[in-house]
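Worksheet: the structure to be examined is printed underneath.
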Amino acid sequence: MKYIIFFFFLLVGINLTNGQTQNLPDDVIITSEKGKISVRTDDPGKLYINVSPQNAKRFKKNGVVRYSDFGAKGDSKTDDIDAIAATHAYANQNRLLVKADENASYYISGKARTAVIRTDTDFNTASFIIDDTDVENRNAQVFLVNSDKQTFTPEGISSLKRNQEKIDVTLPGTCLLTATNSKVRRYIRFGPNQNNGAPQTDIFIVDRNGNVDMDAPIIWDFDEITAIKALPIEENTLTITGGKFTTIANQAESKYTYYSRGIGIRRSNVLVDGLEHHVTGEKDHGAPYGGFINVGDCAYVTVRNTTLTGHKTYRTIGSAGVPVSMGTYDISLGRALNISFVNCNQTNDINDRTYWGIMGSNYCKNIVLDSCVFSRFDAHMGVANATVRNSTLGHMGINAIGSGTFTVENSTIRGSRLINLRSDYGSTWRGEFIIRNCVFIPANGKPTIASLISGSYSGQHDFGYTCYMPEKIVIENLRIDDSNHPEDYQGPAVFANFNPDMIDDSYVEKFPYVKTKEVILKNVTTISGRELRVSDNLFMFKDVKVSVE
């Protein structure tokens, strides 16, 4: 009788419309009755889970539940998403490990059901087939790693300053704070995908006494805050291991209707280890993907020993009314801090231009790629501090805007440029570049006029902020493989020609570009034997101090 009382109507909330966890008690209902485990879905939108007291006692003793315990067949044909979601809902309520059955093959339909993960999960040697050919809600993640903590509004914070070290606030513990000023627009995009920008947003870590973690500093001045929220950071690490996932790609119209059908991570302190993701069924058209691993509104996430897959590139008409290639990702990071990918790679050729660059990010700080083989690193709407080490990057190379220190070391870069400052966001980096012990193979060895730092800036567009080039660039022990080059090749340049129209003092920038002050070169060699030049545009970079040591 005591088990019946304890388990009757334990409620867990899963939002079945957008993949975010909320307190919605009518979505998942766990009951205790005599008999075997059953999962009922006859009531639209609701998941009823019956667990007998005997089974509850067994699960508690073992400390683990398996998908088969809740009715999953694992035969690659039966839709197992309800059983998978039920397993996690029960595990979350009772703090149990979830373990997939060895060598099972779980078919997951396009049903709008999200399995919320709040406990350690071992996907084991199981396979998961995610069928996106008929999806009810493209925004509903298949799995969502979510926090037990609740967001709240901290009181008394009305303004913030860039690099502010302490805030006059007392918190229940270390929290992730997100501040917004909707009256200020940043990242006003230029080009074929032009837009009106986004509200000024910043995300940072604050301890219980109001001290800001200066490894991820506040990057904007907030004269006014229109919204602010705090999410306590978990102290323990949630671990997800194993699993081979295959997405059967959607065949929707090729337009910007992103599919979020993977693993969303919205909890801090998460480790993903040993996962594989493959993609099959891509046709001559399809909608883009927003990342099989989609990390947002959290901190301290590590993905290691993981294999992912680049998606086929499709084209559509952009906001400027001209054809554009759509970004489509297997890794997507947004409002995320201290994110690391270690010993990861991708299934397809990193130099195959048929596939879009595997990664995209917005509003992030402290991104690290270590011992990875990816087609690109990318930061759209800014990154504060980034590191690429012991890695190889393919045809899309390094694309970024942001601030702080960008370090590239012990790596091979095969993109068109060593680092490309994204022109659609003002080719801006407010800070320093450090490049050491690297090999640069321009355009993967195709004939090209090589330059190390590229971008484009006319000075005629307002991006919503002052645009900077790196104040200081240090390049040490760089080997440039420019052996295959055009006949008129004069040698590689430090800077591309950022503005071909700026050839004398008569050119006026409405929004002046703050240019690099100093470049320090140590042991930079070329296969061609030609010397490293400053730029084709000597006027634009005439005031840059270049030191060769």
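Note on naming: chains are A, B, ... as they come in the structure tokens, residues start from 1 per chain, ligands start from 1 in the order shown.
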Excluding same-chain residues fewer than 4 positions from Tyr468 in chain A, what lies within 12 Å of it counting only C-alpha atoms, as a ChimeraX atom specification?
/A:401-404,421-423,425-432,455-457,459,463,472,511-517
Would you list, as a ChimeraX atom specification, the residues of range 59-195 of chain A that end up in strand (DSSP E) under DSSP run on this structure's backbone?
/A:64-66,75-79,97-99,105-108,115-117,121-122,127-131,143-145,175-186
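Taking only C-alpha atoms, the non-local environment of Gly415 in chain A within 8 Å (same-chain residues fewer than 6 positions away omitted) comprises Leu393, Gly394, His395, Met396, Gly397, Ile398, Ile441, Pro442, Ala443 and Asn444 of chain A.
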Please save N, CA, C and O atoms of the selected residues as a PDB file, in the first residue's frame.
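Once everything was written out, this is selection.pdb:
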```
ATOM      1  N   LEU A 393      41.064  21.705 -39.818  1.00  0.00           N
ATOM      2  CA  LEU A 393      39.820  22.285 -40.308  1.00  0.00           C
ATOM      3  C   LEU A 393      39.837  22.311 -41.829  1.00  0.00           C
ATOM      4  O   LEU A 393      40.862  22.631 -42.441  1.00  0.00           O
ATOM      5  N   GLY A 394      38.683  21.996 -42.432  1.00  0.00           N
ATOM      6  CA  GLY A 394      38.596  21.795 -43.867  1.00  0.00           C
ATOM      7  C   GLY A 394      38.202  23.011 -44.669  1.00  0.00           C
ATOM      8  O   GLY A 394      38.579  24.140 -44.357  1.00  0.00           O
ATOM      9  N   HIS A 395      37.379  22.782 -45.689  1.00  0.00           N
ATOM     10  CA  HIS A 395      37.197  23.764 -46.762  1.00  0.00           C
ATOM     11  C   HIS A 395      36.613  25.095 -46.296  1.00  0.00           C
ATOM     12  O   HIS A 395      36.832  26.127 -46.933  1.00  0.00           O
ATOM     13  N   MET A 396      35.885  25.129 -45.183  1.00  0.00           N
ATOM     14  CA  MET A 396      35.312  26.392 -44.719  1.00  0.00           C
ATOM     15  C   MET A 396      36.142  27.042 -43.621  1.00  0.00           C
ATOM     16  O   MET A 396      35.834  28.152 -43.188  1.00  0.00           O
ATOM     17  N   GLY A 397      37.195  26.376 -43.171  1.00  0.00           N
ATOM     18  CA  GLY A 397      38.187  26.987 -42.305  1.00  0.00           C
ATOM     19  C   GLY A 397      37.646  27.592 -41.025  1.00  0.00           C
ATOM     20  O   GLY A 397      36.762  27.048 -40.377  1.00  0.00           O
ATOM     21  N   ILE A 398      38.188  28.745 -40.669  1.00  0.00           N
ATOM     22  CA  ILE A 398      37.793  29.469 -39.466  1.00  0.00           C
ATOM     23  C   ILE A 398      37.084  30.746 -39.875  1.00  0.00           C
ATOM     24  O   ILE A 398      37.654  31.592 -40.584  1.00  0.00           O
ATOM     25  N   ILE A 441      47.231  25.560 -45.480  1.00  0.00           N
ATOM     26  CA  ILE A 441      47.198  25.092 -46.865  1.00  0.00           C
ATOM     27  C   ILE A 441      46.066  25.827 -47.557  1.00  0.00           C
ATOM     28  O   ILE A 441      44.900  25.406 -47.501  1.00  0.00           O
ATOM     29  N   PRO A 442      46.348  26.970 -48.176  1.00  0.00           N
ATOM     30  CA  PRO A 442      45.284  27.809 -48.746  1.00  0.00           C
ATOM     31  C   PRO A 442      44.429  27.041 -49.747  1.00  0.00           C
ATOM     32  O   PRO A 442      44.941  26.371 -50.651  1.00  0.00           O
ATOM     33  N   ALA A 443      43.117  27.131 -49.570  1.00  0.00           N
ATOM     34  CA  ALA A 443      42.136  26.525 -50.474  1.00  0.00           C
ATOM     35  C   ALA A 443      42.419  25.043 -50.694  1.00  0.00           C
ATOM     36  O   ALA A 443      42.182  24.508 -51.777  1.00  0.00           O
ATOM     37  N   ASN A 444      42.928  24.396 -49.656  1.00  0.00           N
ATOM     38  CA  ASN A 444      43.237  22.962 -49.711  1.00  0.00           C
ATOM     39  C   ASN A 444      44.167  22.613 -50.862  1.00  0.00           C
ATOM     40  O   ASN A 444      44.065  21.542 -51.466  1.00  0.00           O
TER      41      ASN A 444
END
```
Give me the residues near Asn305 in chain A as a ChimeraX atom specification, where near means some atom within 12 Å (using only C-alpha atoms) and where sequence neighbours in that chain fewer than 2 positions away do not count.
/A:240-243,271-277,302-303,307-308,340-346,370-373
Selected residues written out with C-alpha atoms, as a tab-separated table (two decimals), in the first residue's frame:
```tsv
chain	number	residue	atom	x	y	z
A	240	ILE	CA	25.57	10.80	-21.72
A	241	THR	CA	27.52	7.98	-23.34
A	242	GLY	CA	27.40	5.82	-26.45
A	243	GLY	CA	24.72	5.51	-29.07
A	271	LEU	CA	29.48	15.45	-20.74
A	272	VAL	CA	28.63	13.72	-24.03
A	273	ASP	CA	31.04	10.87	-24.77
A	274	GLY	CA	31.31	8.34	-27.57
A	275	LEU	CA	28.25	9.27	-29.62
A	276	GLU	CA	27.85	8.88	-33.39
A	277	HIS	CA	25.49	10.72	-35.70
A	302	THR	CA	32.04	18.89	-23.17
A	303	VAL	CA	31.54	16.66	-26.21
A	307	THR	CA	31.55	11.47	-34.69
A	308	LEU	CA	29.11	13.81	-36.44
A	340	SER	CA	34.56	22.09	-25.60
A	341	PHE	CA	34.76	19.53	-28.38
A	342	VAL	CA	37.59	17.06	-27.77
A	343	ASN	CA	38.72	14.29	-30.13
A	344	CYS	CA	35.72	14.66	-32.43
A	345	ASN	CA	35.40	14.24	-36.19
A	346	GLN	CA	32.87	13.93	-38.97
A	370	ASP	CA	40.83	20.24	-29.28
A	371	SER	CA	42.03	17.31	-31.40
A	372	CYS	CA	39.09	17.66	-33.80
A	373	VAL	CA	38.78	17.13	-37.55
```
At a cut-off of 8 Å, using only C-alpha atoms, what residues contact range 106-113 of chain A? Leave out same-chain residues fewer than 6 positions from it and give the result as a PyMOL selection string.
chain A and resi 16-17+19+72-82+85+126-137+140+142
Requested write-out: C-alpha atoms of the selected residues, as a PDB file, in the first residue's frame:
```pdb
ATOM      1  CA  LEU A  16       5.222  18.594 -26.456  1.00  0.00           C
ATOM      2  CA  THR A  17       5.166  21.638 -28.699  1.00  0.00           C
ATOM      3  CA  GLY A  19      10.876  20.636 -26.766  1.00  0.00           C
ATOM      4  CA  ALA A  72      10.404  -0.320 -26.393  1.00  0.00           C
ATOM      5  CA  LYS A  73      10.817  -3.030 -29.032  1.00  0.00           C
ATOM      6  CA  GLY A  74      14.151  -1.979 -30.499  1.00  0.00           C
ATOM      7  CA  ASP A  75      13.339  -3.811 -33.741  1.00  0.00           C
ATOM      8  CA  SER A  76      14.061  -0.794 -36.050  1.00  0.00           C
ATOM      9  CA  LYS A  77      10.419  -0.795 -37.177  1.00  0.00           C
ATOM     10  CA  THR A  78       8.154  -0.144 -34.182  1.00  0.00           C
ATOM     11  CA  ASP A  79       7.904   3.507 -33.167  1.00  0.00           C
ATOM     12  CA  ASP A  80       9.623   3.558 -29.761  1.00  0.00           C
ATOM     13  CA  ILE A  81       9.543   7.287 -28.984  1.00  0.00           C
ATOM     14  CA  ASP A  82       6.716   6.992 -26.418  1.00  0.00           C
ATOM     15  CA  ALA A  85      10.132   9.311 -23.341  1.00  0.00           C
ATOM     16  CA  ALA A 126      22.107   0.759 -29.421  1.00  0.00           C
ATOM     17  CA  SER A 127      21.132   2.440 -32.670  1.00  0.00           C
ATOM     18  CA  PHE A 128      18.493   5.159 -33.022  1.00  0.00           C
ATOM     19  CA  ILE A 129      16.782   5.790 -36.364  1.00  0.00           C
ATOM     20  CA  ILE A 130      15.270   9.281 -36.436  1.00  0.00           C
ATOM     21  CA  ASP A 131      12.826   9.529 -39.326  1.00  0.00           C
ATOM     22  CA  ASP A 132      12.362  13.148 -40.386  1.00  0.00           C
ATOM     23  CA  THR A 133      10.440  12.450 -43.591  1.00  0.00           C
ATOM     24  CA  ASP A 134       7.120  13.226 -41.882  1.00  0.00           C
ATOM     25  CA  VAL A 135       7.553  15.449 -38.829  1.00  0.00           C
ATOM     26  CA  GLU A 136       4.686  16.877 -36.784  1.00  0.00           C
ATOM     27  CA  ASN A 137       6.778  19.620 -35.178  1.00  0.00           C
ATOM     28  CA  ALA A 140      10.557  19.421 -31.035  1.00  0.00           C
ATOM     29  CA  VAL A 142      14.048  14.120 -29.876  1.00  0.00           C
TER      30      VAL A 142
END
```
Among the residues of range 385-518 of chain A, find those DSSP assigns to helix (DSSP H, G or I) from the backbone and print them as a ChimeraX atom specification.
/A:423-425,442-445
Using only C-alpha atoms, find the one residue out of A:Leu171, A:Glu518, A:Asp481, A:Ser535 that sits nearest to Pro500 in chain A.
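Looking at the shortest contact to Pro500 in chain A, the residue is A:Ser535.
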Skipping near chain neighbours, those fewer than 2 positions away, what residues fall within 8 Å of Thr525 in chain A using only C-alpha atoms, listed as a list in words?
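Contacts, with the query itself left out: Asn477, Leu478, Arg479, Ile480, Asn523, Ile527, Gly529 and Glu531 of chain A.
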Atoms to include: C-alpha atoms. Write the selected residues as a PDB file, in the first residue's frame.
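Full text of selection.pdb as output:
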```
ATOM      1  CA  ASN A 477      56.084  29.028 -36.416  1.00  0.00           C
ATOM      2  CA  LEU A 478      53.626  29.098 -39.302  1.00  0.00           C
ATOM      3  CA  ARG A 479      54.254  27.019 -42.425  1.00  0.00           C
ATOM      4  CA  ILE A 480      52.317  28.191 -45.503  1.00  0.00           C
ATOM      5  CA  ASN A 523      59.495  31.979 -38.177  1.00  0.00           C
ATOM      6  CA  ILE A 527      56.772  26.454 -49.643  1.00  0.00           C
ATOM      7  CA  GLY A 529      59.840  30.662 -51.173  1.00  0.00           C
ATOM      8  CA  GLU A 531      58.078  36.484 -48.739  1.00  0.00           C
TER       9      GLU A 531
END
```
